[in-house]
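**Q** Provided below: upload_10.cif, containing mmCIF, C-alpha atoms.
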data_coords
loop_
_atom_site.label_atom_id
_atom_site.label_comp_id
_atom_site.auth_asym_id
_atom_site.auth_seq_id
_atom_site.Cartn_x
_atom_site.Cartn_y
_atom_site.Cartn_z
CA MET A 1 15.76 2.74 -22.42
CA THR A 2 12.31 1.13 -22.21
CA LEU A 3 10.61 -0.18 -25.34
CA PHE A 4 7.26 -2.03 -25.40
CA GLY A 5 7.62 -2.76 -21.69
CA LEU A 6 11.18 -4.07 -22.08
CA THR A 7 14.32 -2.42 -20.80
CA ILE A 8 17.07 -2.19 -23.44
CA ALA A 9 20.56 -2.21 -21.93
CA HIS A 10 22.35 -1.13 -25.16
CA PRO A 11 19.77 0.82 -27.18
CA LEU A 12 22.27 2.21 -29.74
CA VAL A 13 22.78 -1.31 -31.10
CA LEU A 14 19.19 -1.20 -32.37
CA LEU A 15 20.30 1.40 -34.94
CA LEU A 16 21.80 -1.52 -36.88
CA LEU A 17 18.23 -2.56 -37.70
CA LEU A 18 18.08 0.44 -40.04
CA LEU A 19 20.65 -1.27 -42.28
CA ILE A 20 18.39 -4.25 -43.02
CA PRO A 21 15.97 -2.49 -45.47
CA PRO A 22 18.75 -1.08 -47.73
CA ILE A 23 20.55 -4.46 -47.69
CA ALA A 24 17.32 -6.18 -48.72
CA PHE A 25 16.72 -3.59 -51.44
CA LEU A 26 20.21 -3.90 -52.92
CA ARG A 27 20.14 -7.68 -52.78
CA GLY A 28 16.76 -7.77 -54.51
CA LYS A 29 17.88 -5.38 -57.21
CA PHE A 30 21.27 -6.84 -58.12
CA GLY A 31 20.74 -10.41 -56.97
CA GLY A 32 23.42 -12.85 -55.88
CA THR A 33 26.28 -14.49 -57.76
CA ALA A 34 25.20 -15.94 -61.12
CA GLY A 35 24.98 -19.71 -61.33
CA VAL A 36 24.74 -19.84 -65.19
CA THR A 37 26.03 -17.04 -67.48
CA PHE A 38 24.24 -16.11 -70.73
CA SER A 39 25.52 -13.77 -73.42
CA SER A 40 22.14 -12.04 -73.41
CA THR A 41 19.01 -12.46 -71.29
CA GLY A 42 16.76 -10.60 -73.70
CA SER A 43 15.53 -13.76 -75.36
CA LEU A 44 14.75 -15.31 -71.98
CA ILE A 45 12.70 -12.29 -70.89
CA ARG A 46 10.56 -12.58 -74.03
CA LEU A 47 9.65 -16.16 -73.20
CA GLY A 48 7.13 -15.20 -70.54
CA VAL A 49 6.02 -12.87 -67.76
CA ARG A 50 8.66 -12.20 -65.14
CA ARG A 51 7.70 -13.80 -61.83
CA ARG A 52 9.12 -13.42 -58.39
CA SER A 53 10.27 -16.66 -56.74
CA ARG A 54 8.21 -17.36 -53.63
CA ALA A 55 10.90 -19.70 -52.36
CA GLY A 56 13.55 -17.04 -52.76
CA ALA A 57 11.42 -14.43 -51.00
CA PHE A 58 10.73 -16.79 -48.11
CA LEU A 59 14.39 -17.72 -47.69
CA ALA A 60 15.43 -14.06 -47.86
CA ALA A 61 12.83 -13.16 -45.22
CA LEU A 62 14.22 -15.85 -42.93
CA SER A 63 17.74 -14.52 -43.26
CA TYR A 64 16.66 -10.93 -42.57
CA LEU A 65 14.58 -12.05 -39.59
CA ALA A 66 17.59 -13.94 -38.23
CA LEU A 67 19.75 -10.84 -38.66
CA ALA A 68 17.15 -8.70 -36.84
CA ALA A 69 16.94 -11.21 -33.99
CA PHE A 70 20.76 -11.25 -33.61
CA ILE A 71 20.82 -7.44 -33.47
CA ALA A 72 18.02 -7.44 -30.89
CA ALA A 73 19.97 -9.98 -28.80
CA LEU A 74 23.07 -7.74 -28.94
CA SER A 75 20.99 -4.83 -27.54
CA ARG A 76 20.38 -7.01 -24.44
CA PRO A 77 16.61 -6.71 -23.81
CA GLN A 78 15.55 -7.24 -20.22
CA LEU A 79 12.28 -7.78 -18.42
CA GLY A 80 12.24 -5.90 -15.13
CA SER A 81 10.18 -6.55 -12.02
CA GLU A 82 10.02 -3.72 -9.52
CA SER A 83 9.12 -3.89 -5.85
CA THR A 84 9.07 -1.24 -3.16
CA ARG A 85 9.90 -1.96 0.44
CA VAL A 86 8.62 0.63 2.90
CA GLN A 87 10.22 0.66 6.31
CA ALA A 88 8.28 1.59 9.43
CA SER A 89 8.21 5.30 10.19
CA GLY A 90 9.53 4.91 13.72
CA VAL A 91 6.24 6.13 15.27
CA ASP A 92 4.47 3.61 17.52
CA ILE A 93 0.92 4.45 18.60
CA MET A 94 -1.35 2.73 21.10
CA LEU A 95 -4.99 3.75 20.71
CA VAL A 96 -6.63 3.50 24.13
CA LEU A 97 -10.41 3.62 23.69
CA ASP A 98 -13.19 3.83 26.25
CA VAL A 99 -15.91 1.18 25.83
CA SER A 100 -17.81 1.83 29.04
CA ARG A 101 -21.63 1.88 28.97
CA SER A 102 -21.71 5.68 28.83
CA MET A 103 -20.32 5.44 25.27
CA LEU A 104 -23.85 4.40 24.23
CA ALA A 105 -25.00 8.03 24.55
CA GLU A 106 -26.21 9.21 21.14
CA ASP A 107 -24.96 12.79 21.04
CA PHE A 108 -22.90 12.27 17.85
CA SER A 109 -23.93 11.58 14.26
CA ILE A 110 -22.80 9.80 11.12
CA GLY A 111 -24.04 11.86 8.19
CA ALA A 112 -27.59 12.85 9.02
CA THR A 113 -28.14 9.85 11.31
CA ARG A 114 -27.76 10.05 15.05
CA ALA A 115 -25.10 7.67 16.37
CA ASN A 116 -23.61 6.73 19.70
CA ARG A 117 -20.14 7.74 20.80
CA LEU A 118 -18.58 4.33 20.23
CA GLU A 119 -19.82 4.06 16.63
CA VAL A 120 -18.38 7.45 15.76
CA THR A 121 -15.15 6.75 17.64
CA LYS A 122 -14.63 3.56 15.65
CA LYS A 123 -15.33 5.35 12.35
CA VAL A 124 -12.97 8.27 13.01
CA THR A 125 -10.29 6.00 14.48
CA GLU A 126 -10.36 3.87 11.33
CA GLN A 127 -9.81 6.97 9.20
CA PHE A 128 -6.84 7.89 11.40
CA ILE A 129 -5.37 4.39 11.00
CA ARG A 130 -5.77 4.47 7.21
CA LYS A 131 -3.94 7.79 6.96
CA ARG A 132 -0.83 6.42 8.68
CA PRO A 133 0.04 3.17 6.85
CA ASN A 134 3.69 3.22 7.94
CA ASP A 135 3.13 3.52 11.70
CA ARG A 136 2.88 0.55 13.99
CA MET A 137 -0.40 0.77 15.87
CA GLY A 138 -2.19 -1.22 18.53
CA ILE A 139 -5.51 -0.93 20.37
CA ILE A 140 -6.36 -1.16 24.07
CA ALA A 141 -10.05 -1.02 25.04
CA PHE A 142 -11.16 -0.36 28.57
CA ALA A 143 -14.18 -0.07 30.79
CA GLY A 144 -13.89 -1.34 34.39
CA ARG A 145 -10.53 -2.78 33.32
CA PRO A 146 -8.40 -2.66 30.16
CA TYR A 147 -7.98 -5.47 27.65
CA LEU A 148 -5.84 -5.87 24.54
CA VAL A 149 -7.68 -5.63 21.22
CA SER A 150 -4.57 -5.67 19.03
CA PRO A 151 -0.83 -5.49 19.71
CA LEU A 152 1.36 -3.10 17.73
CA THR A 153 1.23 -4.03 14.06
CA LEU A 154 1.78 -2.71 10.54
CA ASP A 155 -1.07 -4.89 9.28
CA HIS A 156 -3.68 -2.16 9.40
CA ASP A 157 -6.37 -4.21 7.66
CA TRP A 158 -6.19 -6.71 10.49
CA LEU A 159 -6.13 -3.81 12.98
CA VAL A 160 -9.31 -2.34 11.51
CA GLN A 161 -11.03 -5.74 11.61
CA ASN A 162 -10.35 -5.92 15.34
CA LEU A 163 -11.51 -2.33 15.77
CA ASP A 164 -14.82 -3.19 14.08
CA ARG A 165 -15.40 -5.96 16.64
CA LEU A 166 -15.25 -3.54 19.56
CA GLN A 167 -18.46 -3.47 21.56
CA ILE A 168 -19.73 -2.47 24.94
CA GLY A 169 -20.24 -5.08 27.64
CA LEU A 170 -17.25 -7.37 27.05
CA VAL A 171 -15.87 -6.52 30.51
CA GLU A 172 -17.39 -5.13 33.69
CA ASP A 173 -18.57 -1.55 33.44
CA GLY A 174 -16.63 1.40 34.79
CA THR A 175 -13.92 3.82 33.62
CA ALA A 176 -10.41 2.67 34.54
CA ILE A 177 -8.42 5.43 32.86
CA GLY A 178 -5.26 4.95 34.93
CA SER A 179 -5.13 1.21 34.37
CA ALA A 180 -5.74 1.72 30.62
CA ILE A 181 -2.78 4.12 30.36
CA VAL A 182 -0.55 1.60 32.16
CA ALA A 183 -1.70 -1.17 29.80
CA GLY A 184 -0.86 0.98 26.77
CA ALA A 185 2.50 2.02 28.21
CA ASN A 186 3.44 -1.62 28.85
CA ARG A 187 2.94 -2.34 25.16
CA LEU A 188 5.26 0.53 24.20
CA LYS A 189 7.95 0.45 26.85
CA ASP A 190 10.25 -2.13 25.23
CA LYS A 191 10.04 -0.67 21.73
CA GLU A 192 13.10 1.10 20.33
CA SER A 193 11.08 3.55 18.28
CA LYS A 194 11.83 7.23 17.75
CA THR A 195 8.37 8.29 18.94
CA LYS A 196 5.98 6.46 21.28
CA LEU A 197 2.43 7.74 21.66
CA ILE A 198 -0.77 6.96 23.50
CA VAL A 199 -3.99 8.42 22.13
CA LEU A 200 -6.52 8.16 24.97
CA LEU A 201 -10.22 8.67 24.24
CA THR A 202 -12.71 8.64 27.09
CA ASP A 203 -16.08 10.16 27.96
CA GLY A 204 -16.06 9.86 31.74
CA ASP A 205 -14.21 10.23 35.01
CA ASN A 206 -11.87 7.62 36.46
CA ASN A 207 -13.92 5.43 38.80
CA ALA A 208 -12.30 2.00 38.55
CA GLY A 209 -8.90 0.32 38.42
CA LYS A 210 -5.99 0.25 40.85
CA VAL A 211 -3.86 3.04 39.31
CA MET A 212 -4.67 6.74 39.46
CA PRO A 213 -4.61 8.50 36.06
CA LEU A 214 -1.95 11.10 36.99
CA THR A 215 0.33 8.43 38.45
CA ALA A 216 -0.04 6.44 35.20
CA ALA A 217 0.76 9.58 33.18
CA GLU A 218 3.98 10.13 35.13
CA ALA A 219 4.99 6.52 34.57
CA ALA A 220 4.35 6.90 30.83
CA LYS A 221 6.46 10.05 30.66
CA ALA A 222 9.33 8.25 32.43
CA LEU A 223 9.22 5.68 29.63
CA GLY A 224 9.41 8.38 26.96
CA ILE A 225 5.75 8.06 25.97
CA ARG A 226 3.70 11.08 24.97
CA ILE A 227 -0.07 11.08 25.65
CA TYR A 228 -2.79 12.84 23.67
CA THR A 229 -6.14 12.88 25.46
CA ILE A 230 -9.57 13.28 23.90
CA GLY A 231 -12.67 13.91 25.97
CA ALA A 232 -15.73 12.77 23.99
CA GLY A 233 -19.30 13.93 24.58
CA THR A 234 -21.49 16.97 24.77
CA GLN A 235 -21.65 19.28 27.78
CA GLY A 236 -24.58 19.02 30.18
CA GLU A 237 -26.93 16.22 29.07
CA ALA A 238 -26.93 13.54 26.37
CA PRO A 239 -29.68 11.24 24.98
CA PHE A 240 -29.17 7.74 26.36
CA PRO A 241 -31.01 4.54 25.27
CA PHE A 242 -33.09 2.54 27.75
CA THR A 243 -35.33 -0.48 27.33
CA ASP A 244 -38.91 0.01 28.56
CA PRO A 245 -41.09 -2.76 30.11
CA PHE A 246 -42.36 -3.67 26.62
CA GLY A 247 -38.84 -4.27 25.26
CA ARG A 248 -38.80 -1.07 23.24
CA THR A 249 -35.81 1.27 23.09
CA VAL A 250 -36.55 4.71 24.47
CA TYR A 251 -34.25 7.66 25.03
CA LYS A 252 -33.84 9.89 28.04
CA ASN A 253 -31.52 12.82 28.52
CA VAL A 254 -29.05 12.02 31.27
CA PRO A 255 -26.42 14.27 32.88
CA VAL A 256 -22.90 13.98 31.43
CA GLU A 257 -20.29 13.27 34.08
CA PHE A 258 -16.90 14.24 32.77
CA ASN A 259 -13.77 15.44 34.53
CA GLU A 260 -12.10 17.62 31.93
CA LYS A 261 -9.38 18.67 34.34
CA THR A 262 -8.10 15.09 34.60
CA ILE A 263 -7.48 14.63 30.88
CA GLU A 264 -5.81 18.04 30.74
CA GLU A 265 -3.46 17.08 33.56
CA ILE A 266 -2.67 13.73 31.95
CA ALA A 267 -1.71 15.41 28.68
CA LYS A 268 0.32 18.10 30.48
CA ILE A 269 2.32 15.57 32.51
CA ALA A 270 3.05 13.37 29.47
CA ASP A 271 3.98 16.25 27.11
CA GLY A 272 0.88 15.81 24.98
CA VAL A 273 -2.21 17.85 24.15
CA ALA A 274 -5.73 17.62 25.60
CA TYR A 275 -8.77 17.93 23.31
CA ARG A 276 -12.52 17.99 23.76
CA ALA A 277 -14.82 16.55 21.08
CA THR A 278 -18.46 17.51 21.44
CA ASP A 279 -19.58 16.23 18.03
CA THR A 280 -18.40 14.10 15.11
CA ARG A 281 -16.85 16.98 13.20
CA SER A 282 -14.74 18.13 16.14
CA LEU A 283 -13.57 14.55 16.76
CA GLU A 284 -12.46 14.22 13.12
CA LYS A 285 -10.64 17.54 13.40
CA ILE A 286 -8.84 16.41 16.57
CA PHE A 287 -7.57 13.21 14.96
CA GLY A 288 -6.50 15.28 11.95
CA GLU A 289 -4.48 17.59 14.19
CA ILE A 290 -2.78 14.67 15.93
CA ASP A 291 -1.98 13.21 12.52
CA LYS A 292 -0.26 16.47 11.49
CA LEU A 293 1.65 16.83 14.77
CA GLU A 294 3.17 13.37 14.68
CA LYS A 295 4.71 12.96 11.25
CA SER A 296 7.97 11.18 10.53
CA LYS A 297 9.97 10.64 7.35
CA VAL A 298 9.56 7.20 5.84
CA GLU A 299 12.44 5.32 4.22
CA VAL A 300 11.47 3.71 0.93
CA GLU A 301 13.72 1.10 -0.64
CA LYS A 302 13.13 0.44 -4.33
CA ILE A 303 14.20 -2.97 -5.63
CA VAL A 304 14.34 -3.70 -9.37
CA GLN A 305 15.17 -7.19 -10.64
CA TYR A 306 15.95 -7.75 -14.33
CA ARG A 307 15.76 -10.96 -16.34
CA ASP A 308 17.82 -11.04 -19.54
CA LEU A 309 15.84 -12.01 -22.64
CA PHE A 310 18.71 -12.01 -25.15
CA PRO A 311 18.93 -15.88 -25.15
CA TRP A 312 15.38 -16.01 -26.54
CA PHE A 313 16.18 -13.55 -29.33
CA LEU A 314 19.39 -15.47 -30.04
CA LEU A 315 17.38 -18.70 -30.23
CA VAL A 316 14.89 -17.12 -32.66
CA GLY A 317 17.77 -15.96 -34.82
CA LEU A 318 19.40 -19.39 -34.83
CA VAL A 319 16.10 -21.12 -35.67
CA CYS A 320 15.48 -18.73 -38.59
CA LEU A 321 19.05 -19.10 -39.86
CA GLY A 322 18.96 -22.88 -39.47
CA THR A 323 15.63 -23.10 -41.29
CA GLU A 324 16.96 -20.94 -44.12
CA ILE A 325 20.06 -23.11 -44.53
CA LEU A 326 18.06 -26.36 -44.36
CA PHE A 327 15.50 -25.31 -46.97
CA SER A 328 18.06 -23.76 -49.30
CA GLN A 329 20.08 -27.00 -49.35
CA THR A 330 17.15 -29.40 -49.65
CA LEU A 331 13.65 -28.46 -50.82
CA TRP A 332 14.61 -25.19 -52.52
CA ARG A 333 18.20 -25.95 -53.46
CA ARG A 334 19.54 -23.59 -56.08
CA LEU A 335 22.00 -24.12 -58.91
CA PRO A 336 25.65 -23.60 -57.89
#
I'd like the structure from this file rewritten - as structure tokens, please.
**A**
Amino acid sequence: MTLFGLTIAHPLVLLLLLLIPPIAFLRGKFGGTAGVTFSSTGSLIRLGVRRRSRAGAFLAALSYLALAAFIAALSRPQLGSESTRVQASGVDIMLVLDVSRSMLAEDFSIGATRANRLEVTKKVTEQFIRKRPNDRMGIIAFAGRPYLVSPLTLDHDWLVQNLDRLQIGLVEDGTAIGSAIVAGANRLKDKESKTKLIVLLTDGDNNAGKVMPLTAAEAAKALGIRIYTIGAGTQGEAPFPFTDPFGRTVYKNVPVEFNEKTIEEIAKIADGVAYRATDTRSLEKIFGEIDKLEKSKVEVEKIVQYRDLFPWFLLVGLVCLGTEILFSQTLWRRLP
């Protein structure tokens, strides 16, 4: 039973509190044992107005308060602190993201504002991370070669901070898809998780690195890793930023070079699914579908710790009782 934020171990004991008012009433009506006996009190009543003794009322209140505190102590009140421990879901995901120069193409949008592919990828990837708080996730970025942005972690705030710092130009340009898959697989291979995934997002064709994409996909499958591939970018041409001789940013439509067959083959080999995102909405939908496909039950352990408060109630009762005895035998001592 919970009362005023406290847990009561023996709530039925509190019913004894209901006896205090009738005891107080009967004691006030009939009084205690007489100290001096008169044949008649009528003459004493006529001497003046009947007054209630403040000392007696105070001492009686102390005794009733002590009794209430002792009853409360017997009910064993407890203050509980609750904590929940969530275990990892058993799904490990490496997000392998393309940061080659072609990701600067502005054929996506955020709201009504035109945005480049990398900006939108970071935004949608963050949403995906936030939706899966119990999965361990890491990030590999790649252009001409892959590099580690974050190892697998359950600290998703830290993961998102590293995602925000992603930018184009940190490594030599190019699109090393095969090498990026190998880098992601190396981060997953020694993990004893139920499900190991690579989510690969790219907007170009493999033109760098020492490992061919299909060879990397076969290696990932041998390690029990499933690969979902996302091809980002519009078909045909896309607006791309250039700097003119006066230092101004101008846009030109450039042809989109994308080998859709490669990402389809990668996904097929590694038992995943291949997607194509031609705008922000379709990219959000793709990440939503991957989120639904890869769900796992999460074990939640609830821990409740209680601290007994009955010693405090017992102490209050003893203080009240001790005060009542002290005052009744000294300052407000009554006739025997």
**Q** I need the residue nearest Ala267 (chain A) from this list: A:Phe313, A:Phe240, A:Tyr228, A:Phe108. Use all atoms listed in the file for the distance.
**A**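 Closest to Ala267 (chain A) of all the choices is A:Tyr228.
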**Q** Which is closest to Gly169 (chain A) among A:Thr125, A:Ser150, A:Ser102, A:Ser63, if we use all atoms listed in the file?
**A**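 Among the listed residues, A:Ser102 lies closest to Gly169 (chain A).
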**Q** With distances taken over all atoms listed in the file, which residue among A:Ala270, A:Leu293, A:Leu16, A:Ala238 lies nearest Val91 (chain A)?
**A** A:Leu293
**Q** So, counting all atoms listed in the file, which residue among A:Phe242, A:Glu264, A:Thr280, A:Lys285 is closest to Gly111 (chain A)?
**A**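 That would be A:Thr280, the residue with the smallest distance to Gly111 (chain A).
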**Q** A:Leu118, A:Ala112, A:Leu18, A:Val182: which is nearest Arg145 (chain A), counting all atoms listed in the file?
**A** A:Val182
**Q** Could you list, as a PyMOL selection string, every residue matched by the PyMOL selection byres ((chain A and resi 197) around 6) in this structure?
**A** chain A and resi 93+196+198+225-227
**Q** Expanded to explicit residues, what is the PyMOL selection byres ((chain A and resi 203) around 8) for this file, as a PyMOL selection string?
**A** chain A and resi 98+102-103+201-202+204-205+231-233+258
**Q** Can you translate the PyMOL selection byres ((chain A and resi 319-332) around 6) into the concrete residues it hits in this file, as a ChimeraX atom specification?
**A** /A:59,62-63,66,316-318,333
**Q** Between A:Leu104, A:Ala216, A:Glu119, A:Glu192, which has the minimum distance to Val254 (chain A) (counting only C-alpha atoms)?
**A** A:Leu104
**Q** For CA of Arg117 (chain A) and CA of Asp279 (chain A), quote the distance in Å rounded to one decimal.
**A**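 Straight-line distance from CA of Arg117 (chain A) to CA of Asp279 (chain A) works out to 8.9 Å.
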